[in-house]
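**Student:** Okay, so here is final_21.cif, and as you'll see once you scroll down, it has mmCIF, C-alpha atoms.
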```cif
data_work
loop_
_atom_site.label_atom_id
_atom_site.label_comp_id
_atom_site.auth_asym_id
_atom_site.auth_seq_id
_atom_site.Cartn_x
_atom_site.Cartn_y
_atom_site.Cartn_z
CA MET A 1 1.23 17.09 -1.31
CA ARG A 2 -1.25 19.10 -2.02
CA ARG A 3 -3.05 21.09 -2.66
CA LEU A 4 -15.98 34.87 -4.83
CA ARG A 5 -18.34 36.73 -3.11
CA ALA A 6 -21.76 35.90 -1.92
CA CYS A 7 -23.52 35.39 -5.25
CA LEU A 8 -22.63 32.25 -7.18
CA GLY A 9 -22.77 32.97 -10.89
CA ALA A 10 -24.72 30.58 -13.11
CA ALA A 11 -22.46 28.02 -14.73
CA ALA A 12 -22.37 28.04 -18.52
CA ALA A 13 -22.86 24.33 -18.54
CA VAL A 14 -25.37 21.61 -19.39
CA GLY A 15 -25.29 17.88 -18.76
CA LEU A 16 -25.03 15.19 -21.42
CA ALA A 17 -24.15 11.55 -21.72
CA ALA A 18 -20.77 10.73 -23.25
CA ALA A 19 -19.18 7.30 -23.40
CA GLY A 20 -21.77 6.10 -20.92
CA THR A 21 -20.78 8.76 -18.39
CA THR A 22 -22.61 11.91 -17.43
CA ALA A 23 -20.42 14.79 -18.54
CA LEU A 24 -20.33 18.55 -18.30
CA VAL A 25 -20.19 20.71 -21.41
CA ALA A 26 -18.81 24.18 -20.95
CA GLY A 27 -18.76 26.84 -23.61
CA ASN A 28 -16.06 29.43 -22.98
CA ALA A 29 -12.62 30.60 -24.05
CA SER A 30 -11.02 27.35 -22.96
CA GLY A 31 -12.45 25.61 -26.00
CA ALA A 32 -13.68 22.61 -24.01
CA THR A 33 -16.74 21.03 -25.64
CA SER A 34 -16.77 17.50 -24.27
CA ALA A 35 -15.56 15.45 -21.37
CA LEU A 36 -13.58 12.29 -20.94
CA SER A 37 -15.11 9.36 -19.09
CA ASN A 38 -15.03 9.74 -15.31
CA ARG A 39 -12.50 6.90 -15.16
CA TRP A 40 -9.90 9.16 -16.75
CA TYR A 41 -10.48 11.95 -14.22
CA ALA A 42 -10.22 9.30 -11.51
CA ALA A 43 -6.83 8.26 -12.90
CA ALA A 44 -5.38 11.74 -13.44
CA PRO A 45 -1.96 12.15 -11.74
CA TYR A 46 -1.04 15.49 -10.20
CA LEU A 47 0.97 17.98 -12.26
CA MET A 48 2.27 21.35 -11.09
CA PRO A 49 2.07 23.43 -14.29
CA LEU A 50 3.98 26.46 -12.96
CA ASP A 51 6.57 25.00 -10.57
CA ASN A 52 8.91 22.04 -9.93
CA ASP A 53 10.33 22.01 -13.47
CA PRO A 54 7.02 21.21 -15.20
CA PRO A 55 7.32 18.39 -17.74
CA ASP A 56 5.76 18.61 -21.20
CA PRO A 57 2.31 17.01 -20.91
CA ALA A 58 2.24 16.30 -24.65
CA ALA A 59 5.40 14.21 -24.32
CA ILE A 60 3.87 12.25 -21.42
CA MET A 61 0.72 11.64 -23.44
CA ASP A 62 2.73 10.38 -26.43
CA ALA A 63 4.90 8.11 -24.28
CA THR A 64 2.21 6.58 -22.06
CA GLY A 65 -1.25 7.11 -23.54
CA LEU A 66 -2.26 9.23 -20.53
CA LYS A 67 -5.19 11.54 -21.24
CA ALA A 68 -5.97 13.31 -17.95
CA PHE A 69 -3.96 15.54 -15.62
CA GLN A 70 -4.71 16.84 -12.11
CA LEU A 71 -3.36 20.42 -12.09
CA ALA A 72 -2.25 21.75 -8.69
CA PHE A 73 -2.96 23.93 -6.66
CA ILE A 74 -5.63 26.64 -6.32
CA LEU A 75 -5.06 28.79 -3.20
CA ALA A 76 -6.13 32.14 -1.77
CA PRO A 77 -3.90 35.11 -2.69
CA ASN A 78 -0.82 35.42 -0.52
CA GLY A 79 -1.74 39.04 0.13
CA GLY A 80 -5.23 38.14 1.31
CA GLY A 81 -8.66 38.04 -0.28
CA CYS A 82 -11.27 35.59 -1.52
CA SER A 83 -10.22 35.07 -5.15
CA PRO A 84 -8.54 32.05 -6.76
CA THR A 85 -4.85 31.94 -7.60
CA TRP A 86 -2.34 29.35 -8.70
CA GLY A 87 -0.09 28.74 -5.71
CA GLY A 88 -1.10 31.97 -3.98
CA THR A 89 0.65 34.17 -6.53
CA ALA A 90 -0.82 33.90 -10.05
CA ALA A 91 -4.40 35.13 -10.33
CA VAL A 92 -6.70 32.79 -12.22
CA SER A 93 -8.55 35.76 -13.70
CA SER A 94 -5.51 36.92 -15.67
CA ASP A 95 -3.85 33.54 -16.23
CA THR A 96 -2.58 32.59 -19.68
CA ALA A 97 0.24 30.18 -18.73
CA VAL A 98 -1.94 27.39 -17.28
CA GLN A 99 -4.53 27.98 -19.99
CA SER A 100 -1.81 27.27 -22.56
CA VAL A 101 -0.98 23.97 -20.82
CA ILE A 102 -4.66 23.01 -20.82
CA ASN A 103 -5.01 23.91 -24.50
CA THR A 104 -2.03 21.67 -25.33
CA ILE A 105 -3.56 18.73 -23.47
CA ARG A 106 -7.00 19.20 -25.01
CA ALA A 107 -5.58 19.57 -28.51
CA LYS A 108 -4.28 15.99 -28.13
CA GLY A 109 -7.64 14.63 -26.98
CA GLY A 110 -7.01 14.90 -23.25
CA ASP A 111 -8.42 16.99 -20.41
CA VAL A 112 -7.66 18.24 -16.91
CA SER A 113 -9.06 18.37 -13.42
CA VAL A 114 -7.95 21.16 -11.08
CA SER A 115 -6.97 20.55 -7.46
CA ILE A 116 -7.81 22.93 -4.65
CA GLY A 117 -5.70 23.22 -1.52
CA GLY A 118 -2.76 20.88 -0.98
CA TYR A 119 -0.23 20.96 1.84
CA GLY A 120 0.57 24.44 3.13
CA GLY A 121 -0.51 27.84 1.86
CA THR A 122 -3.75 29.65 2.62
CA LYS A 123 -6.90 27.96 1.33
CA LEU A 124 -9.98 29.82 0.17
CA GLY A 125 -12.10 28.03 2.75
CA GLN A 126 -10.02 29.71 5.44
CA VAL A 127 -10.57 33.27 4.21
CA CYS A 128 -13.86 33.38 2.32
CA SER A 129 -16.85 34.43 4.43
CA ASP A 130 -18.99 31.32 3.94
CA ALA A 131 -19.60 28.31 1.70
CA ALA A 132 -21.36 30.39 -0.98
CA ALA A 133 -18.45 32.82 -1.26
CA THR A 134 -15.98 29.91 -1.34
CA ALA A 135 -17.99 28.23 -4.08
CA ALA A 136 -18.15 31.45 -6.08
CA ALA A 137 -14.36 31.60 -6.03
CA TYR A 138 -14.05 28.04 -7.32
CA GLN A 139 -16.78 28.66 -9.91
CA GLN A 140 -14.45 31.22 -11.48
CA VAL A 141 -11.91 28.44 -12.00
CA ILE A 142 -14.50 26.04 -13.43
CA THR A 143 -15.89 28.64 -15.81
CA LYS A 144 -12.54 30.00 -17.00
CA TYR A 145 -11.11 26.60 -17.87
CA GLY A 146 -14.36 24.82 -18.79
CA LEU A 147 -13.70 22.15 -16.16
CA HIS A 148 -15.43 18.78 -16.05
CA ALA A 149 -13.66 17.69 -12.83
CA ILE A 150 -12.33 19.22 -9.63
CA ASP A 151 -10.44 17.92 -6.59
CA PHE A 152 -10.65 19.20 -3.01
CA ASP A 153 -7.29 18.38 -1.37
CA LEU A 154 -8.14 18.97 2.29
CA GLU A 155 -5.12 18.54 4.54
CA GLU A 156 -2.65 20.46 6.70
CA PRO A 157 -3.22 23.02 8.03
CA GLU A 158 -6.75 23.66 6.75
CA TYR A 159 -8.38 20.43 7.82
CA GLU A 160 -7.69 21.27 11.45
CA ASN A 161 -9.96 24.32 11.03
CA ALA A 162 -13.59 23.23 11.41
CA ALA A 163 -15.00 26.46 9.96
CA ALA A 164 -12.75 26.20 6.90
CA ILE A 165 -13.74 22.57 6.30
CA LYS A 166 -17.41 23.52 6.61
CA ASN A 167 -16.84 26.14 3.91
CA GLU A 168 -14.97 23.73 1.63
CA ILE A 169 -17.50 20.90 1.93
CA GLY A 170 -20.35 23.38 1.51
CA ALA A 171 -18.67 24.83 -1.56
CA ALA A 172 -18.14 21.37 -3.03
CA LYS A 173 -21.85 20.62 -2.59
CA ILE A 174 -22.85 23.90 -4.27
CA LEU A 175 -20.51 23.29 -7.20
CA GLN A 176 -21.83 19.76 -7.60
CA GLN A 177 -25.41 21.08 -7.72
CA ASN A 178 -24.67 23.99 -10.07
CA ASN A 179 -22.45 22.09 -12.52
CA PRO A 180 -24.35 18.93 -13.54
CA GLY A 181 -22.00 16.03 -14.21
CA LEU A 182 -19.01 17.66 -12.50
CA TYR A 183 -16.63 14.94 -11.23
CA VAL A 184 -15.69 15.80 -7.62
CA SER A 185 -12.98 14.08 -5.59
CA VAL A 186 -12.04 14.85 -1.99
CA THR A 187 -8.47 14.00 -0.96
CA THR A 188 -7.18 13.90 2.61
CA ALA A 189 -4.37 12.49 4.74
CA GLY A 190 -3.99 8.75 5.25
CA THR A 191 -2.98 6.87 8.39
CA ALA A 192 -2.50 3.18 9.17
CA ASP A 193 -6.09 2.98 10.41
CA GLY A 194 -7.41 4.77 7.31
CA THR A 195 -7.42 8.44 8.20
CA GLY A 196 -6.86 10.44 11.35
CA TRP A 197 -9.18 12.38 13.64
CA PHE A 198 -9.38 15.42 11.37
CA GLY A 199 -10.07 13.27 8.32
CA LYS A 200 -12.91 11.58 10.18
CA GLN A 201 -14.30 14.98 11.22
CA MET A 202 -14.26 16.02 7.56
CA LEU A 203 -16.29 12.92 6.65
CA LEU A 204 -18.79 13.71 9.40
CA GLU A 205 -19.10 17.26 8.04
CA ALA A 206 -19.88 15.83 4.60
CA LYS A 207 -22.50 13.54 6.15
CA THR A 208 -24.05 16.46 8.06
CA GLN A 209 -24.32 18.52 4.88
CA GLY A 210 -25.64 15.61 2.82
CA PHE A 211 -22.70 15.81 0.41
CA THR A 212 -21.45 12.75 -1.46
CA PRO A 213 -18.57 13.28 -3.94
CA ASN A 214 -17.50 10.75 -6.53
CA ASN A 215 -14.89 9.62 -4.01
CA PHE A 216 -13.06 10.28 -0.80
CA SER A 217 -9.36 9.54 -1.38
CA ILE A 218 -6.63 9.04 1.21
CA MET A 219 -2.90 9.64 0.83
CA PRO A 220 -1.18 6.68 2.53
CA PHE A 221 2.33 8.13 2.73
CA ASP A 222 4.27 10.44 5.09
CA GLY A 223 2.79 8.55 8.03
CA GLY A 224 5.12 5.65 8.77
CA PHE A 225 4.11 3.57 5.76
CA ASN A 226 6.39 0.90 4.37
CA GLY A 227 5.52 -0.30 0.87
CA ALA A 228 2.29 -1.50 -0.68
CA ALA A 229 1.10 -3.82 2.10
CA SER A 230 0.84 -0.93 4.55
CA GLN A 231 -1.03 1.11 1.96
CA THR A 232 -3.58 -1.56 1.09
CA GLY A 233 -4.08 -2.13 4.81
CA ALA A 234 -4.90 1.57 5.22
CA LEU A 235 -7.33 1.40 2.28
CA THR A 236 -9.10 -1.56 3.88
CA ASN A 237 -9.41 0.32 7.15
CA PHE A 238 -10.59 3.47 5.39
CA ASN A 239 -13.29 1.44 3.68
CA GLN A 240 -14.60 0.45 7.10
CA ILE A 241 -14.62 4.11 8.16
CA LEU A 242 -16.68 5.01 5.08
CA GLN A 243 -19.11 2.19 5.87
CA SER A 244 -19.60 3.23 9.49
CA THR A 245 -19.83 6.96 8.69
CA PHE A 246 -22.29 6.85 5.81
CA GLY A 247 -24.06 3.55 6.42
CA TRP A 248 -22.78 2.09 3.15
CA ASP A 249 -22.12 -1.57 2.51
CA GLN A 250 -18.59 -2.61 1.62
CA ALA A 251 -19.06 -2.47 -2.16
CA THR A 252 -20.68 0.99 -2.03
CA ALA A 253 -17.84 2.25 0.16
CA TYR A 254 -15.21 0.97 -2.28
CA ALA A 255 -17.13 2.59 -5.15
CA HIS A 256 -16.63 5.92 -3.31
CA GLU A 257 -13.03 5.32 -2.21
CA GLY A 258 -9.78 6.48 -3.79
CA PHE A 259 -6.01 6.14 -3.47
CA SER A 260 -3.56 9.00 -3.88
CA GLY A 261 0.04 7.81 -3.59
CA MET A 262 3.51 9.32 -3.80
CA ASN A 263 5.87 7.86 -6.36
CA GLY A 264 9.42 7.09 -5.29
CA ARG A 265 10.81 8.61 -2.09
CA SER A 266 8.26 10.37 0.12
CA ASP A 267 8.83 13.51 2.17
CA THR A 268 9.57 11.40 5.27
CA GLY A 269 11.91 8.96 3.52
CA GLU A 270 9.46 6.14 2.73
CA THR A 271 10.02 4.46 -0.65
CA PHE A 272 7.29 3.37 -3.06
CA THR A 273 8.54 1.58 -6.16
CA GLN A 274 6.88 0.53 -9.39
CA ALA A 275 6.17 -2.87 -7.78
CA ASP A 276 4.35 -1.14 -4.91
CA PHE A 277 2.24 0.81 -7.38
CA GLN A 278 1.33 -2.40 -9.20
CA THR A 279 0.23 -4.05 -5.95
CA VAL A 280 -1.97 -1.10 -4.97
CA LEU A 281 -3.34 -0.88 -8.52
CA ASP A 282 -4.33 -4.56 -8.36
CA TYR A 283 -6.04 -3.92 -5.02
CA ALA A 284 -7.88 -0.86 -6.36
CA THR A 285 -9.16 -2.58 -9.48
CA SER A 286 -10.09 -5.84 -7.75
CA HIS A 287 -12.14 -3.91 -5.18
CA ASN A 288 -13.73 -1.63 -7.81
CA MET A 289 -12.34 1.51 -6.20
CA ASP A 290 -13.20 4.82 -7.83
CA ARG A 291 -9.81 6.54 -7.99
CA PHE A 292 -6.09 5.84 -8.37
CA THR A 293 -3.75 8.82 -8.61
CA PHE A 294 -0.33 9.96 -7.39
CA TRP A 295 1.91 12.90 -6.55
CA SER A 296 3.35 13.72 -9.01
CA LEU A 297 4.19 13.77 -12.71
CA ASN A 298 6.83 16.41 -11.97
CA ARG A 299 8.58 13.64 -10.00
CA ASP A 300 7.98 10.82 -12.53
CA ARG A 301 11.55 10.76 -13.85
CA GLN A 302 14.88 9.56 -12.57
CA CYS A 303 17.19 11.72 -10.49
CA THR A 304 20.94 11.98 -11.08
CA PRO A 305 22.15 9.91 -9.28
CA PRO A 306 19.01 7.73 -9.19
CA ASP A 307 18.68 7.88 -5.39
CA ASN A 308 19.30 11.65 -5.37
CA GLY A 309 21.76 11.22 -2.51
CA GLY A 310 18.99 9.97 -0.21
CA ARG A 311 16.93 13.15 -0.57
CA THR A 312 13.34 13.78 -1.67
CA SER A 313 12.90 16.00 -4.70
CA GLY A 314 9.98 17.79 -6.27
CA THR A 315 11.39 17.19 -9.75
CA CYS A 316 12.39 13.50 -9.73
CA SER A 317 11.50 10.32 -7.84
CA SER A 318 14.76 9.29 -6.10
CA VAL A 319 14.26 5.69 -7.32
CA SER A 320 15.53 3.93 -10.44
CA GLN A 321 13.05 4.34 -13.26
CA ASN A 322 12.42 5.26 -16.86
CA SER A 323 10.67 8.54 -17.45
CA TRP A 324 6.90 8.31 -16.85
CA ASP A 325 6.99 4.76 -15.43
CA PHE A 326 4.45 5.65 -12.75
CA ALA A 327 2.06 7.37 -15.16
CA LYS A 328 1.48 4.01 -16.84
CA TYR A 329 -0.31 2.71 -13.73
CA SER A 330 -2.81 5.55 -14.07
CA VAL A 331 -3.31 4.64 -17.72
CA ASN A 332 -3.99 1.03 -16.73
CA PHE A 333 -6.46 2.12 -14.05
CA ALA A 334 -8.34 4.17 -16.65
CA GLY A 335 -8.77 0.99 -18.67
CA ALA A 336 -6.28 1.80 -21.41
CA THR A 337 -3.05 0.06 -22.44
CA PRO A 338 0.18 2.08 -22.47
CA PRO A 339 2.18 1.99 -25.72
CA SER A 340 4.40 -1.10 -25.92
CA THR A 341 7.32 0.85 -27.36
CA THR A 342 7.59 3.61 -24.81
CA PRO A 343 10.63 5.83 -25.39
CA THR A 344 13.16 5.56 -22.58
CA PRO A 345 15.42 8.59 -22.97
CA THR A 346 18.34 9.03 -20.61
CA PRO A 347 17.04 11.27 -17.81
CA THR A 348 18.48 14.75 -17.89
CA PRO A 349 18.98 16.68 -14.67
CA PRO A 350 16.49 19.57 -14.41
CA GLY A 351 19.44 22.00 -14.45
CA THR A 352 22.94 21.47 -15.86
CA SER A 353 24.66 24.73 -14.90
CA CYS A 354 25.12 25.71 -11.28
CA LYS A 355 23.66 28.93 -9.90
CA PRO A 356 25.80 31.23 -7.72
CA ALA A 357 27.03 29.46 -4.60
CA TRP A 358 24.94 29.72 -1.45
CA SER A 359 26.29 32.10 1.21
CA SER A 360 25.55 31.81 4.91
CA THR A 361 25.60 35.58 5.30
CA ALA A 362 23.44 36.57 2.34
CA VAL A 363 19.73 37.30 2.62
CA TYR A 364 17.53 35.44 0.11
CA THR A 365 13.90 36.11 -0.80
CA VAL A 366 11.33 34.00 -2.62
CA GLY A 367 12.53 32.92 -6.06
CA ASN A 368 16.25 33.51 -5.46
CA GLU A 369 18.37 30.64 -6.79
CA VAL A 370 21.68 29.29 -5.46
CA SER A 371 23.84 26.19 -5.76
CA TYR A 372 24.95 24.01 -2.86
CA ASN A 373 26.41 20.49 -2.74
CA LYS A 374 26.20 20.19 -6.55
CA HIS A 375 22.45 20.92 -6.59
CA ASN A 376 20.55 24.07 -7.55
CA TRP A 377 18.05 25.39 -4.99
CA LYS A 378 15.25 27.98 -5.11
CA ALA A 379 14.14 30.01 -2.07
CA LYS A 380 10.49 29.45 -1.10
CA TRP A 381 10.47 32.41 1.34
CA TRP A 382 12.83 34.86 3.08
CA THR A 383 15.85 33.06 4.52
CA GLN A 384 19.33 33.66 5.88
CA ASN A 385 21.92 31.14 7.12
CA GLU A 386 19.63 28.14 6.54
CA VAL A 387 21.58 25.43 4.70
CA PRO A 388 19.83 24.17 1.54
CA GLY A 389 18.58 20.62 2.06
CA ALA A 390 19.19 20.59 5.81
CA ALA A 391 15.48 20.26 6.62
CA GLU A 392 12.72 18.39 4.79
CA TRP A 393 10.35 21.37 5.04
CA GLY A 394 12.97 24.11 5.02
CA PRO A 395 13.05 27.28 2.92
CA TRP A 396 14.84 25.72 -0.06
CA GLN A 397 13.30 23.80 -2.98
CA ASP A 398 15.67 21.30 -4.62
CA GLU A 399 15.85 21.94 -8.38
CA GLY A 400 18.11 19.01 -9.11
CA ALA A 401 21.77 18.26 -9.80
CA CYS A 402 24.00 20.79 -11.55
#
```
In structure tokens, how does this file's structure come out?
**Tutor:**
Amino acid sequence: MRRLRACLGAAAAVGLAAAGTTALVAGNASGATSALSNRWYAAAPYLMPLDNDPPDPAAIMDATGLKAFQLAFILAPNGGGCSPTWGGTAAVSSDTAVQSVINTIRAKGGDVSVSIGGYGGTKLGQVCSDAAATAAAYQQVITKYGLHAIDFDLEEPEYENAAAIKNEIGAAKILQQNNPGLYVSVTTAGTADGTGWFGKQMLLEAKTQGFTPNNFSIMPFDGGFNGAASQTGALTNFNQILQSTFGWDQATAYAHEGFSGMNGRSDTGETFTQADFQTVLDYATSHNMDRFTFWSLNRDRQCTPPDNGGRTSGTCSSVSQNSWDFAKYSVNFAGATPPSTTPTPTPTPPGTSCKPAWSSTAVYTVGNEVSYNKHNWKAKWWTQNEVPGAAEWGPWQDEGAC
């Protein structure tokens, strides 16, 4: 999934109570003046605003009643340095594209959280000199967009780096202290027994630093899972890990626990249907868990054909569905009721015309587009003679049928 130098600038923020929830008020160019309840930030599904054929958030809001979005991902610059970018390429300091998306959401009464890290790429915790410098980088993001919520997605390869995790957890603690009311989630990999060795080391780092976020969320997919029962089993086991690590009782652990799923076909070929989401939602609400989210809204629409030829896509789910079916579970978790007359338009492939045919002899660089096997593909990095779709984590991003 997914995923500032030494002085931390003072946040232009003050705390207040809104809808019974402590909230952050930020006065800046983003125009944000109030926050949603924390339950909405806890329910916000992930959305890539600059990649994977971004859907129109306003249309999702109209169709489902969703109010919050988890925008992904903030990374270090691909060329090096300790400053925040979108995806390693688009500097936050000069961004207007994501700001426009945020403005659209807020104009309709919604809001966003921003996610740091994700799977792959270089994270700021890996390159910034210490926790203060890492926090200063993330403070730029909070201040620019007037954020009331932030997510630390700590996974491969960063969470195998103890120094980087120390920086990230330290930065999260600083941001929490300097931005009163900021909703902070920490997301990491899930395993059948809850989380793996590196996830447990991350929890111990948080304990050592005296840092407690709103929740620690696991991602129970891409690890040999098979439907909802395996996921709820992992959540039960993770609850026990939280209890033993922090000395919490069961209820306190659930109140600091979250679920981050993957809708449809996962990267490793697991399948999670609407029924699976309902089962996990019932588990989360009955145990008073703090968070229920998923990767991603870019994928919350039907492929053509529905199973996408047995492949995983970043732009559709590879299961039969109406558009935005999975977003409705987030709406329910937030305590709202999705509209009863949700539009169900016929899904349209992300691209209808085919790009130039892929050639085994041509050299392709990042952003180059080709067609192969009646799908369009975009190069994620330099490649030659690597067949599009041949490897799950290969150089080609599937842009859908053509």
**Student:** Report the distance between atom CA of A:Pro220 and atom CA of A:Lys166 in Å, rounded to one decimal place.
**Tutor:** 23.7 Å
**Student:** Applied to the shown file, which residues does the PyMOL selection byres ((chain A and resi 69) around 9) return, written as a ChimeraX atom specification?
**Tutor:** /A:40-41,43-47,57,66-68,70-71,105,110-114,297
**Student:** Using the chain letters and numbers from the file, which residues does the PyMOL selection byres ((chain A and resi 249-252) around 10) grab, as a PyMOL selection string?
**Tutor:** chain A and resi 236+239-240+242-244+246-248+253-257+287-289
**Student:** Find the spatial neighbours of A:Thr195, counting all atoms listed in the file, within a cut-off of 10 Å - ignore same-chain residues fewer than 4 positions away - and output them as a list of chain:residue names.
**Tutor:**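 Near neighbours after the sequence-gap exclusion: A:Thr188, A:Ala189, A:Gly190, A:Thr191, A:Gly199, A:Lys200, A:Gln201, A:Ser217, A:Ile218, A:Met219, A:Pro220, A:Ala234, A:Leu235, A:Asn237, A:Phe238, A:Ile241.
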**Student:** When distances are computed from all atoms listed in the file, which of A:Asp51, A:Arg39, A:Gly65, A:Gly88 shows the smallest separation from A:Ser340?
**Tutor:**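 Of A:Asp51, A:Arg39, A:Gly65, A:Gly88, the one nearest A:Ser340 is A:Gly65, counting all atoms listed in the file.
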**Student:** Atom CA of A:Tyr183 to atom CA of A:Asp153: how many Å, to one decimal?
**Tutor:** 14.0 Å
**Student:** Compute the distance from (18.0, 18.1, -9.5) to each atom, counting only C-alpha atoms, keep the residues with any atom at most 12 Å away, and return them as a count of residues only; use the coordinates of the file.
**Tutor:** 44
**Student:** Assuming the input is short of atoms at stretch 179-186 of chain A, produce all heavy atoms for that part as a PDB file, keeping the file's coordinate frame.
**Tutor:**
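Output file out_5.pdb follows:
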```pdb
ATOM      1  N   ASN A 179     -23.197  22.541 -11.340  1.00  0.00           N
ATOM      2  CA  ASN A 179     -22.450  22.090 -12.520  1.00  0.00           C
ATOM      3  C   ASN A 179     -22.777  20.626 -12.767  1.00  0.00           C
ATOM      4  O   ASN A 179     -22.000  19.741 -12.401  1.00  0.00           O
ATOM      5  CB  ASN A 179     -20.947  22.292 -12.309  1.00  0.00           C
ATOM      6  CG  ASN A 179     -20.570  23.746 -12.117  1.00  0.00           C
ATOM      7  OD1 ASN A 179     -20.308  24.468 -13.062  1.00  0.00           O
ATOM      8  ND2 ASN A 179     -20.564  24.188 -10.860  1.00  0.00           N
ATOM      9  N   PRO A 180     -23.931  20.325 -13.372  1.00  0.00           N
ATOM     10  CA  PRO A 180     -24.350  18.930 -13.540  1.00  0.00           C
ATOM     11  C   PRO A 180     -23.275  18.095 -14.228  1.00  0.00           C
ATOM     12  O   PRO A 180     -22.698  18.502 -15.238  1.00  0.00           O
ATOM     13  CB  PRO A 180     -25.597  19.043 -14.417  1.00  0.00           C
ATOM     14  CG  PRO A 180     -26.122  20.430 -14.152  1.00  0.00           C
ATOM     15  CD  PRO A 180     -24.894  21.274 -13.939  1.00  0.00           C
ATOM     16  N   GLY A 181     -23.000  16.928 -13.644  1.00  0.00           N
ATOM     17  CA  GLY A 181     -22.000  16.030 -14.210  1.00  0.00           C
ATOM     18  C   GLY A 181     -20.586  16.301 -13.768  1.00  0.00           C
ATOM     19  O   GLY A 181     -19.673  15.565 -14.151  1.00  0.00           O
ATOM     20  N   LEU A 182     -20.356  17.337 -12.955  1.00  0.00           N
ATOM     21  CA  LEU A 182     -19.010  17.660 -12.500  1.00  0.00           C
ATOM     22  C   LEU A 182     -18.471  16.508 -11.652  1.00  0.00           C
ATOM     23  O   LEU A 182     -19.106  16.075 -10.692  1.00  0.00           O
ATOM     24  CB  LEU A 182     -19.019  18.945 -11.667  1.00  0.00           C
ATOM     25  CG  LEU A 182     -17.666  19.447 -11.158  1.00  0.00           C
ATOM     26  CD1 LEU A 182     -16.823  19.981 -12.310  1.00  0.00           C
ATOM     27  CD2 LEU A 182     -17.868  20.549 -10.106  1.00  0.00           C
ATOM     28  N   TYR A 183     -17.280  15.998 -12.003  1.00  0.00           N
ATOM     29  CA  TYR A 183     -16.630  14.940 -11.230  1.00  0.00           C
ATOM     30  C   TYR A 183     -15.907  15.584 -10.050  1.00  0.00           C
ATOM     31  O   TYR A 183     -15.052  16.465 -10.238  1.00  0.00           O
ATOM     32  CB  TYR A 183     -15.638  14.174 -12.104  1.00  0.00           C
ATOM     33  CG  TYR A 183     -14.943  13.029 -11.401  1.00  0.00           C
ATOM     34  CD1 TYR A 183     -15.496  11.754 -11.391  1.00  0.00           C
ATOM     35  CD2 TYR A 183     -13.734  13.235 -10.743  1.00  0.00           C
ATOM     36  CE1 TYR A 183     -14.864  10.698 -10.741  1.00  0.00           C
ATOM     37  CE2 TYR A 183     -13.094  12.191 -10.091  1.00  0.00           C
ATOM     38  CZ  TYR A 183     -13.665  10.930 -10.096  1.00  0.00           C
ATOM     39  OH  TYR A 183     -13.033   9.893  -9.448  1.00  0.00           O
ATOM     40  N   VAL A 184     -16.250  15.183  -8.826  1.00  0.00           N
ATOM     41  CA  VAL A 184     -15.690  15.800  -7.620  1.00  0.00           C
ATOM     42  C   VAL A 184     -15.000  14.733  -6.782  1.00  0.00           C
ATOM     43  O   VAL A 184     -15.617  13.747  -6.369  1.00  0.00           O
ATOM     44  CB  VAL A 184     -16.786  16.476  -6.778  1.00  0.00           C
ATOM     45  CG1 VAL A 184     -16.160  17.166  -5.555  1.00  0.00           C
ATOM     46  CG2 VAL A 184     -17.566  17.491  -7.608  1.00  0.00           C
ATOM     47  N   SER A 185     -13.712  14.935  -6.524  1.00  0.00           N
ATOM     48  CA  SER A 185     -12.980  14.080  -5.590  1.00  0.00           C
ATOM     49  C   SER A 185     -12.575  14.898  -4.381  1.00  0.00           C
ATOM     50  O   SER A 185     -12.362  16.112  -4.475  1.00  0.00           O
ATOM     51  CB  SER A 185     -11.732  13.487  -6.265  1.00  0.00           C
ATOM     52  OG  SER A 185     -10.896  14.502  -6.800  1.00  0.00           O
ATOM     53  N   VAL A 186     -12.493  14.229  -3.232  1.00  0.00           N
ATOM     54  CA  VAL A 186     -12.040  14.850  -1.990  1.00  0.00           C
ATOM     55  C   VAL A 186     -10.861  14.031  -1.481  1.00  0.00           C
ATOM     56  O   VAL A 186     -10.989  12.829  -1.238  1.00  0.00           O
ATOM     57  CB  VAL A 186     -13.155  14.905  -0.934  1.00  0.00           C
ATOM     58  CG1 VAL A 186     -12.609  15.461   0.382  1.00  0.00           C
ATOM     59  CG2 VAL A 186     -14.317  15.756  -1.421  1.00  0.00           C
TER      60      VAL A 186
END
```
